[in-house]
Amino acid sequence: MRFVASSRVLKRWQLDEFIPGVACLDEAGQFDAVITDEKMDRNGYEFARNAGLPLYRVVPGLIAPYGVPCLNRRDDLSLQLIPIKSAPDLPGASQEVEVLLQEWRESGVSWVNDTPPFEGPLGERFELIILDERDVNRAGSPQRALTEMMPLLSGESEHGLVIYLPKRLDDRSLRQWIERHLCRYDTMVIGDDYHVSTLLKSAQSVLLYSSTLELDARMRGKTCHVLYSTLSESMRIEVEKQLLRGCFYRNPENRTPVSLLSLISWLRLQRERRFFFTGDIYALGFSRWKYPVLRTYFQGANVHRVTSKHNADIPIGSTVVVWGSKPIFEYPGAEALSSDGYRVVRLEDAFIRSVGLGAKLVRPLSWVIDSKGIYYDPRTPSTLETLLNSGGFSSSDAERAALLMQRLIKENVTKYNVGVSVWQRPDAHRRVILVPGQVESDASILYGAGEIRTNIDLLKAVRSENPEAHILYKPHPDVLANLREQGVGEGDALEHCDEVITDALMAQLLDDVDEVHVMTSLAGFEGLIRRKTVVVYGSPFYAGWGLTRDKQSHPRRRRTLSLEQLVAGTLIYYPTYVSLKTGYYMTAEDALDQLIDWRENGTYDPGRLKLLVVWLRRRVLNLLGR
């Protein structure tokens, strides 16, 4: 069905982002219906009458806008077309209703989705009373609305009673009124700054004044008692089908029309990531430029940047966020803090990161957020190791991982995506081995390397075991950019290899070599993705699962994984991806799309001010001899 609207309505409601193919009245063509709004746009009304076309009024959709305060964003997610006069009802959505209902229930989404989950204790048997702003305005006060609803109560005093209402109305006088008039019930009052899905899931029955949450309750199969229902009889009988009529949805990331099922998946991701951490979080040791980035990764929490003068003031029992594996008591001013007294969460760059280096203040597409350890430090289990050891990977996870690997290979994607030149494989029929250099002061070497702990010793070992091979050595990008120091004896690399490669794309090198030999480098994982033989001399996260040739044992890793399972755990579930375009959470596949756009079009390159800061930082470090 092709809709047409005036330019004012089209622009005001951004209709083309919700409805495929919606046109402007000024365009020529064949149309099936006209869209106006509550002001009855005269141009649209006249066009519909003269053309004999049905007219529909656009109103806000049933799914409320999604907002992120720290980003100052609030995006509409849905709109609805209401038939005017003799216009026919719009057809229902084409997707399978039962699939949609199951996803709705399991995902924990609702009509309003930017509030945190309620995590307090709930009774085993309770009735849920829901009031919203419109209910209170209609009744005159929450006390009067509750009085009118009292006949709906079951009368069974052993049932608990949970009252869910706008938090601003939860005052002392209302509490006192509830204690007097509902004293026979075990009553709990919960403000609507908590998400309603947990309450709906656990409630025995739902009592409503006139709230649109009746739709949500019925979709979840709950018995509803409604004083002033806004639903027609047919909608109460087949709410799941009627709900979809005339409703349109968009993905706020790419601003294109999507199905309700797709939007539910997007909302589920936002809720899972946003509210994994709530309450107060104290960021220890973060620079000023990283703080806004940090807030986008902890959107459901109150993030406090703590300076060295106030490190000791972090309340005991708080959640403390740090970068990497450094103990919290090693930060200036925090010497008295013990990791045992705090929940320590560690951050690190993830594996599909950026076009450019973090040391150059290039913003990341992804970080890992680990409350157990960190993936490159094998001294203690990390969240990734726990996931790989015990995660129940499904066939759909394997399919998704396989497709992701295909795209990574096709698009020549690695972690930093730097380098421009193309390396030519030698004509001689010799095995070609790539040895990636690492920054020898990095924690992954300090904690994860085995007996071999320097780049030059790794090269010597590879040459000793493979005297006939053609060996390539590629120094670490931070070393090549003079952002980190060269390793001990690294300048003599050519004495133990055939070539030193400086500016070739890592992805292209990995495609053209036969083997990759590493201490702990991520290049080993990237080689596995390209199904290369990977020989490991240390304990990186991808070793010990039966996919690499390991020079040392990994006793905690008790499981043999397929490559698809390793990739699913490492790239799909472990990292947190945040869009550089919108600040919303996104999937690994979305991050890959954005990285390719970045690489090809320079869309998210750092500005001149950041580049100046990097230049000044490098000059200062050089003057200090660091």
# chains A, B, ... in the order shown; residues from 1 in each chain; ligands from 1
call {"tool": "select_by_dssp", "arguments": {"residues": "stretch 145-297 of chain A", "states": "strand (DSSP E)", "output": "number ranges by chain"}}
result
A: 160-165, 186-191, 205-208, 223-226, 247-251, 256-258, 279-284
call {"tool": "closest_residue", "arguments": {"among": "A:His310, A:Arg599, A:Arg2, A:Arg105", "to": "A:Asn412", "atoms": "only C-alpha atoms"}}
result
A:Arg599
call {"tool": "residues_around", "arguments": {"residues": "A:Val258", "least_positions_apart": "4", "cutoff": "10 Å", "atoms": "only C-alpha atoms", "output": "PDB file with C-alpha atoms, in the first residue's frame"}}
result
ATOM      1  CA  GLU A  17      11.603   6.487   8.257  1.00  0.00           C
ATOM      2  CA  PHE A  18       8.613   4.408   9.361  1.00  0.00           C
ATOM      3  CA  ILE A  19       6.622   3.641   6.226  1.00  0.00           C
ATOM      4  CA  PRO A  20       8.338   2.286   3.100  1.00  0.00           C
ATOM      5  CA  LEU A  77      10.200   4.138  17.793  1.00  0.00           C
ATOM      6  CA  SER A  78       6.634   3.754  16.510  1.00  0.00           C
ATOM      7  CA  PHE A 248       4.744   1.128  11.931  1.00  0.00           C
ATOM      8  CA  TYR A 249       8.210   0.979  13.489  1.00  0.00           C
ATOM      9  CA  ARG A 250      11.731   2.167  12.791  1.00  0.00           C
ATOM     10  CA  ASN A 251      15.251   1.324  13.866  1.00  0.00           C
ATOM     11  CA  PRO A 252      16.710   4.501  15.392  1.00  0.00           C
ATOM     12  CA  SER A 262      13.149  -6.459  14.605  1.00  0.00           C
ATOM     13  CA  LEU A 263      12.423  -3.554  16.921  1.00  0.00           C
TER      14      LEU A 263
END
call {"tool": "residues_around", "arguments": {"residues": "A:Val500", "least_positions_apart": "4", "cutoff": "6 Å", "atoms": "only C-alpha atoms", "output": "PDB file with C-alpha atoms, in the first residue's frame"}}
result
ATOM      1  CA  LEU A 472      57.953 -12.242   8.165  1.00  0.00           C
ATOM      2  CA  TYR A 473      58.123  -9.931  11.162  1.00  0.00           C
ATOM      3  CA  LYS A 474      55.605  -7.110  11.600  1.00  0.00           C
TER       4      LYS A 474
END
call {"tool": "residues_around", "arguments": {"residues": "stretch 50-58 of chain A", "least_positions_apart": "6", "cutoff": "10 Å", "atoms": "only C-alpha atoms", "output": "PyMOL selection string"}}
result
chain A and resi 3-5+9+13+15+31-41+44+79-90+246-247
call {"tool": "select_by_dssp", "arguments": {"residues": "stretch 262-482 of chain A", "states": "helix (DSSP H, G or I)", "output": "VMD selection string"}}
result
chain A and resid 262 to 274 290 to 297 308 to 313 328 to 330 339 to 341 358 to 360 383 to 390 395 to 410 443 to 448 455 to 465 477 to 480
call {"tool": "write_last_selection", "arguments": {"atoms": "C-alpha atoms", "output": "PDB file, in the first residue's frame"}}
result
ATOM      1  CA  SER A 262      13.149  -6.459  14.605  1.00  0.00           C
ATOM      2  CA  LEU A 263      12.423  -3.554  16.921  1.00  0.00           C
ATOM      3  CA  ILE A 264      11.890  -5.939  19.844  1.00  0.00           C
ATOM      4  CA  SER A 265      15.339  -7.432  19.161  1.00  0.00           C
ATOM      5  CA  TRP A 266      16.856  -3.930  19.129  1.00  0.00           C
ATOM      6  CA  LEU A 267      15.126  -3.000  22.388  1.00  0.00           C
ATOM      7  CA  ARG A 268      16.195  -6.247  23.993  1.00  0.00           C
ATOM      8  CA  LEU A 269      19.828  -5.488  23.193  1.00  0.00           C
ATOM      9  CA  GLN A 270      19.508  -1.935  24.569  1.00  0.00           C
ATOM     10  CA  ARG A 271      17.951  -3.153  27.812  1.00  0.00           C
ATOM     11  CA  GLU A 272      20.377  -6.034  28.348  1.00  0.00           C
ATOM     12  CA  ARG A 273      23.434  -3.817  27.888  1.00  0.00           C
ATOM     13  CA  ARG A 274      22.114  -0.623  29.436  1.00  0.00           C
ATOM     14  CA  LYS A 290      37.676   9.007  27.879  1.00  0.00           C
ATOM     15  CA  TYR A 291      34.985   9.991  30.376  1.00  0.00           C
ATOM     16  CA  PRO A 292      32.207  10.794  27.832  1.00  0.00           C
ATOM     17  CA  VAL A 293      32.996   7.517  26.058  1.00  0.00           C
ATOM     18  CA  LEU A 294      32.793   5.707  29.397  1.00  0.00           C
ATOM     19  CA  ARG A 295      29.296   7.057  30.036  1.00  0.00           C
ATOM     20  CA  THR A 296      28.019   5.675  26.733  1.00  0.00           C
ATOM     21  CA  TYR A 297      29.149   2.196  27.786  1.00  0.00           C
ATOM     22  CA  SER A 308      43.537  11.188  42.280  1.00  0.00           C
ATOM     23  CA  LYS A 309      42.737  13.670  45.082  1.00  0.00           C
ATOM     24  CA  HIS A 310      39.500  11.840  45.886  1.00  0.00           C
ATOM     25  CA  ASN A 311      40.355   8.207  45.147  1.00  0.00           C
ATOM     26  CA  ALA A 312      40.334   7.332  48.831  1.00  0.00           C
ATOM     27  CA  ASP A 313      36.771   8.707  49.165  1.00  0.00           C
ATOM     28  CA  ILE A 328      43.023  -0.429  42.271  1.00  0.00           C
ATOM     29  CA  PHE A 329      45.472   0.204  45.132  1.00  0.00           C
ATOM     30  CA  GLU A 330      48.195   1.078  42.596  1.00  0.00           C
ATOM     31  CA  SER A 339      40.005  -5.011  45.817  1.00  0.00           C
ATOM     32  CA  ASP A 340      38.181  -7.170  48.362  1.00  0.00           C
ATOM     33  CA  GLY A 341      36.065  -4.228  49.492  1.00  0.00           C
ATOM     34  CA  GLY A 358      43.552   4.160  20.690  1.00  0.00           C
ATOM     35  CA  ALA A 359      46.799   5.920  21.575  1.00  0.00           C
ATOM     36  CA  LYS A 360      45.826   8.518  18.963  1.00  0.00           C
ATOM     37  CA  THR A 383      34.146 -13.548  31.887  1.00  0.00           C
ATOM     38  CA  LEU A 384      35.239 -14.658  28.409  1.00  0.00           C
ATOM     39  CA  GLU A 385      36.984 -17.785  29.701  1.00  0.00           C
ATOM     40  CA  THR A 386      33.930 -18.657  31.813  1.00  0.00           C
ATOM     41  CA  LEU A 387      31.672 -18.189  28.799  1.00  0.00           C
ATOM     42  CA  LEU A 388      33.871 -20.346  26.578  1.00  0.00           C
ATOM     43  CA  ASN A 389      34.158 -23.028  29.267  1.00  0.00           C
ATOM     44  CA  SER A 390      30.450 -23.335  30.017  1.00  0.00           C
ATOM     45  CA  SER A 395      23.228 -23.771  16.108  1.00  0.00           C
ATOM     46  CA  SER A 396      22.044 -20.232  15.340  1.00  0.00           C
ATOM     47  CA  ASP A 397      25.091 -18.886  17.214  1.00  0.00           C
ATOM     48  CA  ALA A 398      27.324 -21.035  15.004  1.00  0.00           C
ATOM     49  CA  GLU A 399      25.573 -19.825  11.842  1.00  0.00           C
ATOM     50  CA  ARG A 400      25.847 -16.218  12.937  1.00  0.00           C
ATOM     51  CA  ALA A 401      29.541 -16.640  13.773  1.00  0.00           C
ATOM     52  CA  ALA A 402      30.253 -18.300  10.416  1.00  0.00           C
ATOM     53  CA  LEU A 403      28.640 -15.407   8.527  1.00  0.00           C
ATOM     54  CA  LEU A 404      30.551 -12.895  10.647  1.00  0.00           C
ATOM     55  CA  MET A 405      33.855 -14.629   9.866  1.00  0.00           C
ATOM     56  CA  GLN A 406      33.058 -14.620   6.154  1.00  0.00           C
ATOM     57  CA  ARG A 407      32.486 -10.870   6.258  1.00  0.00           C
ATOM     58  CA  LEU A 408      35.622 -10.200   8.295  1.00  0.00           C
ATOM     59  CA  ILE A 409      37.684 -12.078   5.708  1.00  0.00           C
ATOM     60  CA  LYS A 410      35.928 -10.544   2.716  1.00  0.00           C
ATOM     61  CA  ALA A 443      50.036  -6.580  30.469  1.00  0.00           C
ATOM     62  CA  SER A 444      49.281  -9.394  28.020  1.00  0.00           C
ATOM     63  CA  ILE A 445      53.044 -10.082  27.858  1.00  0.00           C
ATOM     64  CA  LEU A 446      53.672  -9.483  31.551  1.00  0.00           C
ATOM     65  CA  TYR A 447      50.947 -11.919  32.617  1.00  0.00           C
ATOM     66  CA  GLY A 448      50.265 -14.106  29.591  1.00  0.00           C
ATOM     67  CA  ASN A 455      59.817 -10.258  20.256  1.00  0.00           C
ATOM     68  CA  ILE A 456      63.421 -11.055  19.425  1.00  0.00           C
ATOM     69  CA  ASP A 457      63.360 -14.290  21.450  1.00  0.00           C
ATOM     70  CA  LEU A 458      60.150 -15.292  19.678  1.00  0.00           C
ATOM     71  CA  LEU A 459      61.803 -14.703  16.297  1.00  0.00           C
ATOM     72  CA  LYS A 460      64.815 -16.776  17.355  1.00  0.00           C
ATOM     73  CA  ALA A 461      62.579 -19.660  18.462  1.00  0.00           C
ATOM     74  CA  VAL A 462      60.536 -19.586  15.248  1.00  0.00           C
ATOM     75  CA  ARG A 463      63.696 -19.551  13.111  1.00  0.00           C
ATOM     76  CA  SER A 464      65.243 -22.356  15.138  1.00  0.00           C
ATOM     77  CA  GLU A 465      62.191 -24.614  14.695  1.00  0.00           C
ATOM     78  CA  PRO A 477      51.471  -0.496  15.130  1.00  0.00           C
ATOM     79  CA  ASP A 478      52.025   1.543  18.331  1.00  0.00           C
ATOM     80  CA  VAL A 479      55.793   0.984  18.010  1.00  0.00           C
ATOM     81  CA  LEU A 480      55.752   1.963  14.346  1.00  0.00           C
TER      82      LEU A 480
END
call {"tool": "residues_around", "arguments": {"residues": "A:His429", "least_positions_apart": "3", "cutoff": "10 Å", "atoms": "only C-alpha atoms", "output": "ChimeraX atom specification"}}
result
/A:426,432,469-470
call {"tool": "write_last_selection", "arguments": {"atoms": "C-alpha atoms", "output": "PDB file, in the first residue's frame"}}
result
ATOM      1  CA  PRO A 426      57.683 -14.724  -2.632  1.00  0.00           C
ATOM      2  CA  VAL A 432      55.546 -18.474   4.957  1.00  0.00           C
ATOM      3  CA  ALA A 469      60.547 -21.213   6.212  1.00  0.00           C
ATOM      4  CA  HIS A 470      60.182 -17.672   4.887  1.00  0.00           C
TER       5      HIS A 470
END
call {"tool": "closest_residue", "arguments": {"among": "A:Arg549, A:Met219, A:Val162, A:Pro257", "to": "A:Val22", "atoms": "only C-alpha atoms"}}
result
A:Pro257
call {"tool": "atom_distance", "arguments": {"atom1": "atom CA of A:Tyr209", "atom2": "atom CA of A:Met150"}}
result
10.5 Å
call {"tool": "atom_distance", "arguments": {"atom1": "atom CA of A:Lys167", "atom2": "atom CA of A:Ser107"}}
result
24.5 Å
call {"tool": "closest_residue", "arguments": {"among": "A:Asn137, A:Asn43, A:Ser562, A:Ser579", "to": "A:Phe393", "atoms": "only C-alpha atoms"}}
result
A:Ser562
call {"tool": "atom_distance", "arguments": {"atom1": "atom CA of A:Thr414", "atom2": "atom CA of A:Phe298"}}
result
25.5 Å
